[in-house]
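Peer 1: Below is the file start28.pdb, which contains PDB, C-alpha atoms and all ligand atoms.
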ATOM      1  CA  MET Q   1       0.000   0.000   0.000  1.00  0.00           C
ATOM      2  CA  ILE Q   2       1.248   3.458  -0.881  1.00  0.00           C
ATOM      3  CA  ASN Q   3       0.216   6.161   1.575  1.00  0.00           C
ATOM      4  CA  LEU Q   4       0.709   9.902   1.124  1.00  0.00           C
ATOM      5  CA  ILE Q   5       0.626  12.119   4.179  1.00  0.00           C
ATOM      6  CA  TRP Q   6       0.801  15.900   4.133  1.00  0.00           C
ATOM      7  CA  ALA Q   7      -0.510  19.114   5.680  1.00  0.00           C
ATOM      8  CA  MET Q   8      -1.402  22.104   3.514  1.00  0.00           C
ATOM      9  CA  ASP Q   9      -3.124  25.452   3.881  1.00  0.00           C
ATOM     10  CA  GLU Q  10      -5.963  26.822   1.779  1.00  0.00           C
ATOM     11  CA  ASN Q  11      -3.490  27.720  -1.030  1.00  0.00           C
ATOM     12  CA  ARG Q  12      -1.963  24.202  -0.921  1.00  0.00           C
ATOM     13  CA  LEU Q  13       1.158  25.650   0.762  1.00  0.00           C
ATOM     14  CA  ILE Q  14       3.282  22.950   2.472  1.00  0.00           C
ATOM     15  CA  GLY Q  15       6.675  24.531   3.190  1.00  0.00           C
ATOM     16  CA  SER Q  16       8.538  27.716   3.966  1.00  0.00           C
ATOM     17  CA  ASN Q  17      12.315  28.120   3.953  1.00  0.00           C
ATOM     18  CA  ASN Q  18      12.807  24.370   4.403  1.00  0.00           C
ATOM     19  CA  LYS Q  19      10.479  24.178   7.391  1.00  0.00           C
ATOM     20  CA  LEU Q  20       6.782  23.792   7.978  1.00  0.00           C
ATOM     21  CA  PRO Q  21       5.064  27.210   7.684  1.00  0.00           C
ATOM     22  CA  TRP Q  22       3.228  26.614  10.985  1.00  0.00           C
ATOM     23  CA  THR Q  23       3.455  24.771  14.274  1.00  0.00           C
ATOM     24  CA  PHE Q  24       0.463  22.637  15.165  1.00  0.00           C
ATOM     25  CA  LYS Q  25       1.067  20.126  17.921  1.00  0.00           C
ATOM     26  CA  ASP Q  26      -2.037  18.168  16.900  1.00  0.00           C
ATOM     27  CA  ASP Q  27      -0.695  17.725  13.387  1.00  0.00           C
ATOM     28  CA  ILE Q  28       2.800  16.742  14.508  1.00  0.00           C
ATOM     29  CA  GLU Q  29       1.297  14.129  16.836  1.00  0.00           C
ATOM     30  CA  HIS Q  30      -0.900  12.855  14.006  1.00  0.00           C
ATOM     31  CA  PHE Q  31       2.102  12.592  11.663  1.00  0.00           C
ATOM     32  CA  LYS Q  32       4.162  10.775  14.291  1.00  0.00           C
ATOM     33  CA  LYS Q  33       1.350   8.373  15.112  1.00  0.00           C
ATOM     34  CA  ILE Q  34       0.723   7.438  11.466  1.00  0.00           C
ATOM     35  CA  THR Q  35       4.377   7.101  10.415  1.00  0.00           C
ATOM     36  CA  ARG Q  36       6.094   5.760  13.548  1.00  0.00           C
ATOM     37  CA  ASN Q  37       8.177   2.667  12.717  1.00  0.00           C
ATOM     38  CA  LYS Q  38       6.940   2.701   9.124  1.00  0.00           C
ATOM     39  CA  GLU Q  39       8.901   2.680   5.894  1.00  0.00           C
ATOM     40  CA  VAL Q  40       9.011   6.192   4.473  1.00  0.00           C
ATOM     41  CA  ILE Q  41      10.245   7.842   1.310  1.00  0.00           C
ATOM     42  CA  MET Q  42      11.109  11.524   1.017  1.00  0.00           C
ATOM     43  CA  GLY Q  43      13.124  14.055  -0.961  1.00  0.00           C
ATOM     44  CA  ARG Q  44      16.517  15.333   0.163  1.00  0.00           C
ATOM     45  CA  LYS Q  45      15.265  18.692   1.446  1.00  0.00           C
ATOM     46  CA  THR Q  46      12.541  17.130   3.570  1.00  0.00           C
ATOM     47  CA  TYR Q  47      15.105  14.734   5.034  1.00  0.00           C
ATOM     48  CA  LEU Q  48      17.551  17.534   5.893  1.00  0.00           C
ATOM     49  CA  SER Q  49      14.701  19.551   7.349  1.00  0.00           C
ATOM     50  CA  MET Q  50      13.607  16.644   9.586  1.00  0.00           C
ATOM     51  CA  LEU Q  51      17.159  16.173  10.872  1.00  0.00           C
ATOM     52  CA  LYS Q  52      16.908  19.605  12.515  1.00  0.00           C
ATOM     53  CA  TYR Q  53      14.241  18.164  14.781  1.00  0.00           C
ATOM     54  CA  TYR Q  54      16.232  14.958  15.457  1.00  0.00           C
ATOM     55  CA  PRO Q  55      19.852  16.054  16.054  1.00  0.00           C
ATOM     56  CA  SER Q  56      20.874  12.441  16.801  1.00  0.00           C
ATOM     57  CA  GLY Q  57      20.096  11.667  13.170  1.00  0.00           C
ATOM     58  CA  ASN Q  58      17.878   8.788  14.249  1.00  0.00           C
ATOM     59  CA  LEU Q  59      14.483   9.390  12.720  1.00  0.00           C
ATOM     60  CA  PRO Q  60      11.579   7.297  14.101  1.00  0.00           C
ATOM     61  CA  PHE Q  61      10.978   5.198  10.978  1.00  0.00           C
ATOM     62  CA  SER Q  62      11.731   1.532  10.299  1.00  0.00           C
ATOM     63  CA  LYS Q  63      13.318   2.247   6.939  1.00  0.00           C
ATOM     64  CA  ILE Q  64      14.115   5.502   5.151  1.00  0.00           C
ATOM     65  CA  TYR Q  65      14.243   5.835   1.383  1.00  0.00           C
ATOM     66  CA  ILE Q  66      15.519   9.111  -0.040  1.00  0.00           C
ATOM     67  CA  LEU Q  67      15.364  10.577  -3.500  1.00  0.00           C
ATOM     68  CA  SER Q  68      18.552  12.467  -4.218  1.00  0.00           C
ATOM     69  CA  LYS Q  69      21.229  12.656  -6.845  1.00  0.00           C
ATOM     70  CA  THR Q  70      23.580  14.579  -4.543  1.00  0.00           C
ATOM     71  CA  LEU Q  71      23.488  12.887  -1.112  1.00  0.00           C
ATOM     72  CA  LYS Q  72      26.254  10.383  -0.404  1.00  0.00           C
ATOM     73  CA  GLU Q  73      25.433   6.790   0.575  1.00  0.00           C
ATOM     74  CA  SER Q  74      24.820   6.304   4.295  1.00  0.00           C
ATOM     75  CA  ASN Q  75      23.803   3.471   6.584  1.00  0.00           C
ATOM     76  CA  LYS Q  76      20.918   5.680   7.803  1.00  0.00           C
ATOM     77  CA  PHE Q  77      18.957   5.570   4.531  1.00  0.00           C
ATOM     78  CA  ILE Q  78      18.620   3.934   1.140  1.00  0.00           C
ATOM     79  CA  LEU Q  79      18.967   6.128  -1.927  1.00  0.00           C
ATOM     80  CA  VAL Q  80      16.293   5.676  -4.582  1.00  0.00           C
ATOM     81  CA  ASP Q  81      17.107   6.430  -8.190  1.00  0.00           C
ATOM     82  CA  ASP Q  82      13.939   5.679 -10.056  1.00  0.00           C
ATOM     83  CA  LEU Q  83      10.653   6.396  -8.301  1.00  0.00           C
ATOM     84  CA  ASP Q  84       8.457   4.519 -10.787  1.00  0.00           C
ATOM     85  CA  SER Q  85      10.385   1.272 -10.474  1.00  0.00           C
ATOM     86  CA  PHE Q  86      10.553   1.774  -6.689  1.00  0.00           C
ATOM     87  CA  PHE Q  87       6.744   1.791  -6.489  1.00  0.00           C
ATOM     88  CA  LYS Q  88       6.222  -0.897  -9.118  1.00  0.00           C
ATOM     89  CA  ASN Q  89       8.617  -3.303  -7.390  1.00  0.00           C
ATOM     90  CA  ASN Q  90       7.433  -2.629  -3.867  1.00  0.00           C
ATOM     91  CA  ASN Q  91       4.500  -4.421  -2.309  1.00  0.00           C
ATOM     92  CA  LYS Q  92       5.090  -3.184   1.230  1.00  0.00           C
ATOM     93  CA  ASP Q  93       3.414  -0.413   3.191  1.00  0.00           C
ATOM     94  CA  ILE Q  94       5.226   2.795   2.205  1.00  0.00           C
ATOM     95  CA  TYR Q  95       4.562   6.320   3.471  1.00  0.00           C
ATOM     96  CA  VAL Q  96       5.394   9.191   1.127  1.00  0.00           C
ATOM     97  CA  ILE Q  97       6.245  12.176   3.341  1.00  0.00           C
ATOM     98  CA  GLY Q  98       7.232  14.922   0.850  1.00  0.00           C
ATOM     99  CA  GLY Q  99       8.132  17.191  -0.656  1.00  0.00           C
ATOM    100  CA  SER Q 100       6.396  18.741  -3.570  1.00  0.00           C
ATOM    101  CA  LYS Q 101       7.686  16.840  -6.615  1.00  0.00           C
ATOM    102  CA  LEU Q 102       7.661  13.520  -4.817  1.00  0.00           C
ATOM    103  CA  TYR Q 103       4.014  13.988  -3.813  1.00  0.00           C
ATOM    104  CA  LYS Q 104       3.121  14.914  -7.384  1.00  0.00           C
ATOM    105  CA  GLU Q 105       4.857  11.877  -8.876  1.00  0.00           C
ATOM    106  CA  SER Q 106       3.488   9.513  -6.197  1.00  0.00           C
ATOM    107  CA  MET Q 107      -0.146  10.527  -6.482  1.00  0.00           C
ATOM    108  CA  LYS Q 108      -0.936   8.012  -9.225  1.00  0.00           C
ATOM    109  CA  TYR Q 109       0.347   5.158  -7.023  1.00  0.00           C
ATOM    110  CA  ALA Q 110      -1.432   6.290  -3.856  1.00  0.00           C
ATOM    111  CA  ASP Q 111      -3.881   3.939  -2.131  1.00  0.00           C
ATOM    112  CA  VAL Q 112      -4.483   6.123   0.917  1.00  0.00           C
ATOM    113  CA  LEU Q 113      -4.201   9.901   1.449  1.00  0.00           C
ATOM    114  CA  TYR Q 114      -3.798  11.417   4.898  1.00  0.00           C
ATOM    115  CA  ILE Q 115      -4.508  15.105   4.360  1.00  0.00           C
ATOM    116  CA  THR Q 116      -4.405  17.728   7.076  1.00  0.00           C
ATOM    117  CA  HIS Q 117      -6.159  20.889   5.933  1.00  0.00           C
ATOM    118  CA  VAL Q 118      -4.706  23.874   7.741  1.00  0.00           C
ATOM    119  CA  LEU Q 119      -7.297  26.625   7.829  1.00  0.00           C
ATOM    120  CA  GLY Q 120      -6.047  29.996   6.612  1.00  0.00           C
ATOM    121  CA  ARG Q 121      -3.327  31.184   4.265  1.00  0.00           C
ATOM    122  CA  TYR Q 122       0.333  31.296   5.294  1.00  0.00           C
ATOM    123  CA  ASP Q 123       3.550  32.604   3.697  1.00  0.00           C
ATOM    124  CA  GLY Q 124       5.963  30.160   2.152  1.00  0.00           C
ATOM    125  CA  ASP Q 125       7.612  28.782  -0.954  1.00  0.00           C
ATOM    126  CA  THR Q 126       6.624  25.137  -1.459  1.00  0.00           C
ATOM    127  CA  TYR Q 127       3.211  23.951  -2.621  1.00  0.00           C
ATOM    128  CA  PHE Q 128       1.328  20.720  -3.144  1.00  0.00           C
ATOM    129  CA  SER Q 129       0.446  20.476  -6.871  1.00  0.00           C
ATOM    130  CA  GLU Q 130      -3.132  20.597  -8.060  1.00  0.00           C
ATOM    131  CA  TYR Q 131      -4.654  17.162  -7.604  1.00  0.00           C
ATOM    132  CA  SER Q 132      -7.932  15.331  -8.058  1.00  0.00           C
ATOM    133  CA  LEU Q 133      -9.810  13.245  -5.501  1.00  0.00           C
ATOM    134  CA  GLU Q 134     -12.039  11.779  -8.213  1.00  0.00           C
ATOM    135  CA  SER Q 135     -10.667   8.266  -7.649  1.00  0.00           C
ATOM    136  CA  PHE Q 136     -10.844   8.489  -3.851  1.00  0.00           C
ATOM    137  CA  ARG Q 137     -13.549   8.373  -1.226  1.00  0.00           C
ATOM    138  CA  LEU Q 138     -13.460  10.157   2.088  1.00  0.00           C
ATOM    139  CA  LYS Q 139     -13.170   7.410   4.694  1.00  0.00           C
ATOM    140  CA  LYS Q 140     -12.924   9.528   7.814  1.00  0.00           C
ATOM    141  CA  PHE Q 141     -12.524  13.122   8.946  1.00  0.00           C
ATOM    142  CA  TRP Q 142     -12.263  14.933  12.249  1.00  0.00           C
ATOM    143  CA  LEU Q 143     -11.621  18.433  13.486  1.00  0.00           C
ATOM    144  CA  LYS Q 144      -9.114  20.104  15.778  1.00  0.00           C
ATOM    145  CA  PRO Q 145      -8.630  23.838  16.273  1.00  0.00           C
ATOM    146  CA  LYS Q 146      -7.640  25.353  12.877  1.00  0.00           C
ATOM    147  CA  LEU Q 147      -7.208  21.867  11.378  1.00  0.00           C
ATOM    148  CA  ILE Q 148      -9.308  19.333   9.463  1.00  0.00           C
ATOM    149  CA  PHE Q 149      -7.871  15.819   9.316  1.00  0.00           C
ATOM    150  CA  CYS Q 150      -9.056  13.662   6.390  1.00  0.00           C
ATOM    151  CA  ILE Q 151      -8.332  10.111   5.300  1.00  0.00           C
ATOM    152  CA  TYR Q 152      -9.166   9.142   1.717  1.00  0.00           C
ATOM    153  CA  GLU Q 153      -9.057   5.671   0.152  1.00  0.00           C
ATOM    154  CA  ARG Q 154      -8.702   4.896  -3.523  1.00  0.00           C
ATOM    155  CA  THR Q 155     -11.837   3.488  -5.096  1.00  0.00           C
ATOM    156  CA  LYS Q 156     -10.594   2.992  -8.669  1.00  0.00           C
ATOM    157  CA  ILE Q 157      -7.333   3.045 -10.622  1.00  0.00           C
TER     158      ILE Q 157
HETATM  159  N1  LIG Q 201       3.411  20.262   4.997  1.00  0.00           N
HETATM  160  C1  LIG Q 201       3.869  19.039   4.820  1.00  0.00           C
HETATM  161  O1  LIG Q 201       3.156  18.052   5.024  1.00  0.00           O
HETATM  162  C2  LIG Q 201       5.282  18.837   4.338  1.00  0.00           C
HETATM  163  C3  LIG Q 201       5.777  17.545   4.103  1.00  0.00           C
HETATM  164  C4  LIG Q 201       7.079  17.414   3.632  1.00  0.00           C
HETATM  165  C5  LIG Q 201       7.851  18.537   3.415  1.00  0.00           C
HETATM  166  N2  LIG Q 201       7.345  19.759   3.675  1.00  0.00           N
HETATM  167  C6  LIG Q 201       8.114  20.976   3.415  1.00  0.00           C
HETATM  168  O2  LIG Q 201       8.447  21.010   2.039  1.00  0.00           O
HETATM  169  C7  LIG Q 201       9.748  21.597   1.872  1.00  0.00           C
HETATM  170  C8  LIG Q 201      10.685  20.584   1.221  1.00  0.00           C
HETATM  171  O3  LIG Q 201      10.085  20.058   0.047  1.00  0.00           O
HETATM  172  P1  LIG Q 201      10.679  20.337  -1.416  1.00  0.00           P
HETATM  173  O4  LIG Q 201       9.592  19.982  -2.369  1.00  0.00           O
HETATM  174  O5  LIG Q 201      11.253  21.715  -1.463  1.00  0.00           O
HETATM  175  O6  LIG Q 201      11.896  19.343  -1.505  1.00  0.00           O
HETATM  176  P2  LIG Q 201      12.052  17.729  -1.368  1.00  0.00           P
HETATM  177  O7  LIG Q 201      11.143  17.025  -2.329  1.00  0.00           O
HETATM  178  O8  LIG Q 201      12.000  17.306   0.031  1.00  0.00           O
HETATM  179  O9  LIG Q 201      13.543  17.602  -1.850  1.00  0.00           O
HETATM  180  C9  LIG Q 201      13.884  17.982  -3.168  1.00  0.00           C
HETATM  181  C10 LIG Q 201      15.109  17.192  -3.540  1.00  0.00           C
HETATM  182  O10 LIG Q 201      14.814  15.808  -3.483  1.00  0.00           O
HETATM  183  C11 LIG Q 201      15.380  15.154  -4.594  1.00  0.00           C
HETATM  184  N3  LIG Q 201      14.250  14.713  -5.401  1.00  0.00           N
HETATM  185  C12 LIG Q 201      12.945  14.964  -5.186  1.00  0.00           C
HETATM  186  N4  LIG Q 201      12.165  14.356  -6.091  1.00  0.00           N
HETATM  187  C13 LIG Q 201      12.991  13.700  -6.888  1.00  0.00           C
HETATM  188  C14 LIG Q 201      12.785  12.867  -7.995  1.00  0.00           C
HETATM  189  N5  LIG Q 201      11.557  12.575  -8.455  1.00  0.00           N
HETATM  190  N6  LIG Q 201      13.869  12.326  -8.581  1.00  0.00           N
HETATM  191  C15 LIG Q 201      15.104  12.603  -8.104  1.00  0.00           C
HETATM  192  N7  LIG Q 201      15.367  13.383  -7.043  1.00  0.00           N
HETATM  193  C16 LIG Q 201      14.309  13.921  -6.447  1.00  0.00           C
HETATM  194  C17 LIG Q 201      16.292  16.169  -5.253  1.00  0.00           C
HETATM  195  O11 LIG Q 201      17.498  16.102  -4.494  1.00  0.00           O
HETATM  196  P3  LIG Q 201      18.970  16.330  -5.117  1.00  0.00           P
HETATM  197  O12 LIG Q 201      19.013  17.787  -5.435  1.00  0.00           O
HETATM  198  O13 LIG Q 201      19.876  15.921  -4.006  1.00  0.00           O
HETATM  199  O14 LIG Q 201      19.054  15.454  -6.321  1.00  0.00           O
HETATM  200  C18 LIG Q 201      15.578  17.465  -4.963  1.00  0.00           C
HETATM  201  O15 LIG Q 201      16.438  18.602  -4.992  1.00  0.00           O
HETATM  202  C19 LIG Q 201      10.194  22.004   3.270  1.00  0.00           C
HETATM  203  O16 LIG Q 201       9.790  23.337   3.525  1.00  0.00           O
HETATM  204  C20 LIG Q 201       9.431  21.043   4.167  1.00  0.00           C
HETATM  205  O17 LIG Q 201       9.256  21.551   5.477  1.00  0.00           O
HETATM  206  C21 LIG Q 201       6.074  19.924   4.123  1.00  0.00           C
END
Turn this file's structure into structure tokens for me.
Peer 2:
Amino acid sequence: MINLIWAMDENRLIGSNNKLPWTFKDDIEHFKKITRNKEVIMGRKTYLSMLKYYPSGNLPFSKIYILSKTLKESNKFILVDDLDSFFKNNNKDIYVIGGSKLYKESMKYADVLYITHVLGRYDGDTYFSEYSLESFRLKKFWLKPKLIFCIYERTKI
């Protein structure tokens, strides 16, 4: 199963200066709960941004895949070259955790979407691309102050 998880504002903003544009404890807890000990894939900038919050370098995932042509090999992650063959040859539970281009290219493989809608419009520089929920159904949603949490499941390919 391929899962995408992201938080965006009303303009689809997701990032600002290599950080989240906001601080919402409820959303961070949600992200940690969904992704803890899971296999994740992310872009280089998202990885470097997460390291700021985990100075030990030990992120709380069972396996970390990173898309990058510039990072050097490390025993902390596995570099992925070709995203399409990564998804086609993987039948495990994978969580796509950003950023922008990776979300866009992963959307067609997604089985489940965890979307946090952040109410309001913030300043920043990184956006989630336009997307369609035509092939998904809303499975669950709930509210927290300034946030709407949604879980969508794919209904057709
Ligand atoms: N709101 C949210 O839910 C959320 C989630 C994640 C991230 N963010 C935010 O988004 C920002 C970072 O995202 P970003 O979109 O700027 O960068 P990113 O996707 O994290 O990283 C971009 C880099 O990843 C590599 N890369 C990405 N896609 C690739 C592909 N298809 N093939 C090969 N390499 C690929 C390239 O690295 P090389 O240059 O090394 O080749 C590229 O420069 C930060 O502000 C972060 O806080 C927000």
Peer 1: Could you tell me which of Q:Tyr114, Q:Lys76, Q:Lys140, Q:Ile66 comes closest to Lys33 in chain Q if we count only C-alpha atoms?
Peer 2: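 The shortest atom-to-atom distance to Lys33 in chain Q comes from Q:Tyr114.
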Peer 1: How many Å separate CA of Val96 in chain Q from atom C5 of ligand LIG 201 (chain Q)?
Peer 2: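 It comes out at 9.9 Å.
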Peer 1: Residues within 9 Å of ligand LIG 201 (chain Q) should be enumerated using all atoms listed in the file and returned as a PyMOL selection string.
Peer 2: chain Q and resi 5-9+12-22+31+42-50+66-71+80-84+96-106+115-116+124-128
Peer 1: Taking the file as shown, find all residues satisfying the PyMOL selection byres (((chain Q and resi 2) around 10) and not hetatm) and write them as a PyMOL selection string.
Peer 2: chain Q and resi 1+3-4+40+87+90-96+106-113
Peer 1: In Å, with one decimal, what is the gap from CA of Leu119 in chain Q to CA of Asp26 in chain Q?
Peer 2: 13.5 Å
Peer 1: Suppose you want the space between CA of His30 in chain Q and CA of Lys139 in chain Q; what is it in Å?
Peer 2: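 Taking CA of His30 in chain Q as the start and CA of Lys139 in chain Q as the end point, the length is 16.3 Å.
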